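Note: the block below is final.txt and it holds compact mmCIF, C-alpha atoms.
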# COMPACT_ATOMS: atom_id res chain seq x y z
CA MET A 1 10.97 1.17 8.95
CA GLU A 2 8.11 2.47 11.03
CA ILE A 3 4.93 2.11 9.00
CA PRO A 4 1.74 3.92 10.08
CA SER A 5 -1.10 1.63 11.10
CA TYR A 6 -3.35 2.71 8.22
CA VAL A 7 -0.65 1.71 5.71
CA ARG A 8 0.02 -1.59 7.52
CA ASP A 9 -3.73 -2.29 7.42
CA LEU A 10 -3.79 -1.88 3.63
CA LEU A 11 -0.77 -4.14 3.15
CA GLU A 12 -2.15 -6.79 5.50
CA ARG A 13 -5.53 -6.70 3.82
CA LEU A 14 -4.00 -7.35 0.42
CA GLU A 15 -1.77 -10.11 1.78
CA SER A 16 -4.69 -11.74 3.60
CA ALA A 17 -6.55 -11.85 0.29
CA GLY A 18 -3.62 -13.77 -1.22
CA PHE A 19 -1.77 -10.95 -3.00
CA GLU A 20 1.76 -9.68 -2.68
CA ALA A 21 2.06 -6.06 -1.54
CA TYR A 22 5.15 -3.91 -0.97
CA LEU A 23 6.03 -0.33 -0.15
CA VAL A 24 7.89 1.36 -3.03
CA GLY A 25 9.17 4.69 -4.21
CA GLY A 26 9.86 7.82 -2.25
CA CYS A 27 8.87 6.47 1.16
CA VAL A 28 11.54 3.76 0.94
CA ARG A 29 14.12 6.26 -0.32
CA ASP A 30 13.31 8.75 2.42
CA VAL A 31 13.66 6.13 5.15
CA TYR A 32 17.13 5.20 3.91
CA LEU A 33 18.12 8.87 3.70
CA GLY A 34 16.76 9.58 7.19
CA LEU A 35 14.18 12.03 5.84
CA PRO A 36 10.56 12.38 6.96
CA VAL A 37 8.10 10.33 4.93
CA HIS A 38 5.23 12.40 3.52
CA ASP A 39 3.31 9.73 1.63
CA TYR A 40 3.34 6.00 0.99
CA ASP A 41 3.19 4.21 -2.35
CA LEU A 42 2.66 0.51 -2.70
CA THR A 43 2.67 -2.05 -5.44
CA THR A 44 0.68 -5.25 -5.48
CA SER A 45 0.10 -8.33 -7.56
CA ALA A 46 -3.65 -7.60 -7.39
CA ARG A 47 -5.20 -6.40 -10.63
CA PRO A 48 -7.52 -3.36 -10.59
CA GLU A 49 -10.71 -5.44 -10.43
CA GLU A 50 -9.22 -7.49 -7.59
CA MET A 51 -8.29 -4.29 -5.72
CA LYS A 52 -11.90 -3.16 -6.00
CA GLN A 53 -13.01 -6.44 -4.43
CA VAL A 54 -10.47 -6.33 -1.59
CA PHE A 55 -11.42 -2.74 -0.76
CA SER A 56 -15.13 -2.92 -1.64
CA ASP A 57 -16.06 -1.28 1.68
CA LEU A 58 -13.89 1.78 0.91
CA PRO A 59 -14.10 4.41 -1.83
CA VAL A 60 -11.87 3.33 -4.74
CA ILE A 61 -10.89 5.94 -7.32
CA PRO A 62 -9.66 4.41 -10.58
CA THR A 63 -6.76 6.48 -11.88
CA GLY A 64 -5.79 4.52 -15.00
What does this structure look like when you write it as structure tokens?
Amino acid sequence: MEIPSYVRDLLERLESAGFEAYLVGGCVRDVYLGLPVHDYDLTTSARPEEMKQVFSDLPVIPTG
């Protein structure tokens, strides 16, 4: 699966901070179906407050 660098950077950043992080959802499905990927979803073991810390230099929008 070819992952754009900006997505890889997010995954690596979470993993470097000690959290698990995986691509999930439609992007994985689309790769297996040979379709173009339009967006990337990920899941992580980091809790919301930990995500804010990991990405403190970026705008974080809490969505509930």
Counting only C-alpha atoms, the option among A:Pro4, A:Gly18, A:Gly34, A:Pro48 closest to A:Val60:
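Closest to A:Val60, using only C-alpha atoms: A:Pro48.
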Contacts of A:Val54 at 10 Å (only C-alpha atoms; same-chain gap of 2+ positions) as a ChimeraX atom specification:
/A:10,13-14,16-17,19,46,48-52,56-58
What does the distance between atom CA of A:Gly25 and atom CA of A:Met1 come to in Å, to one decimal place?
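So the answer is 13.7 Å.
You can rank A:Val24, A:Glu12, A:Asp30, A:Glu2 by their closest distance to A:Phe55 using all atoms listed in the file, and at the top of that list sits A:Glu12.
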Record the distance separating atom CA of A:Thr63 and atom CA of A:Leu35, expressed in Å with one decimal.
28.0 Å
To one decimal in Å, tell me the separation between atom CA of A:Val31 and atom CA of A:Pro59.
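So the answer is 28.7 Å.
Closest to A:Ser45 among A:Leu11, A:Cys27, A:Ala21, A:Ile3 is A:Ala21, based on all atoms listed in the file.
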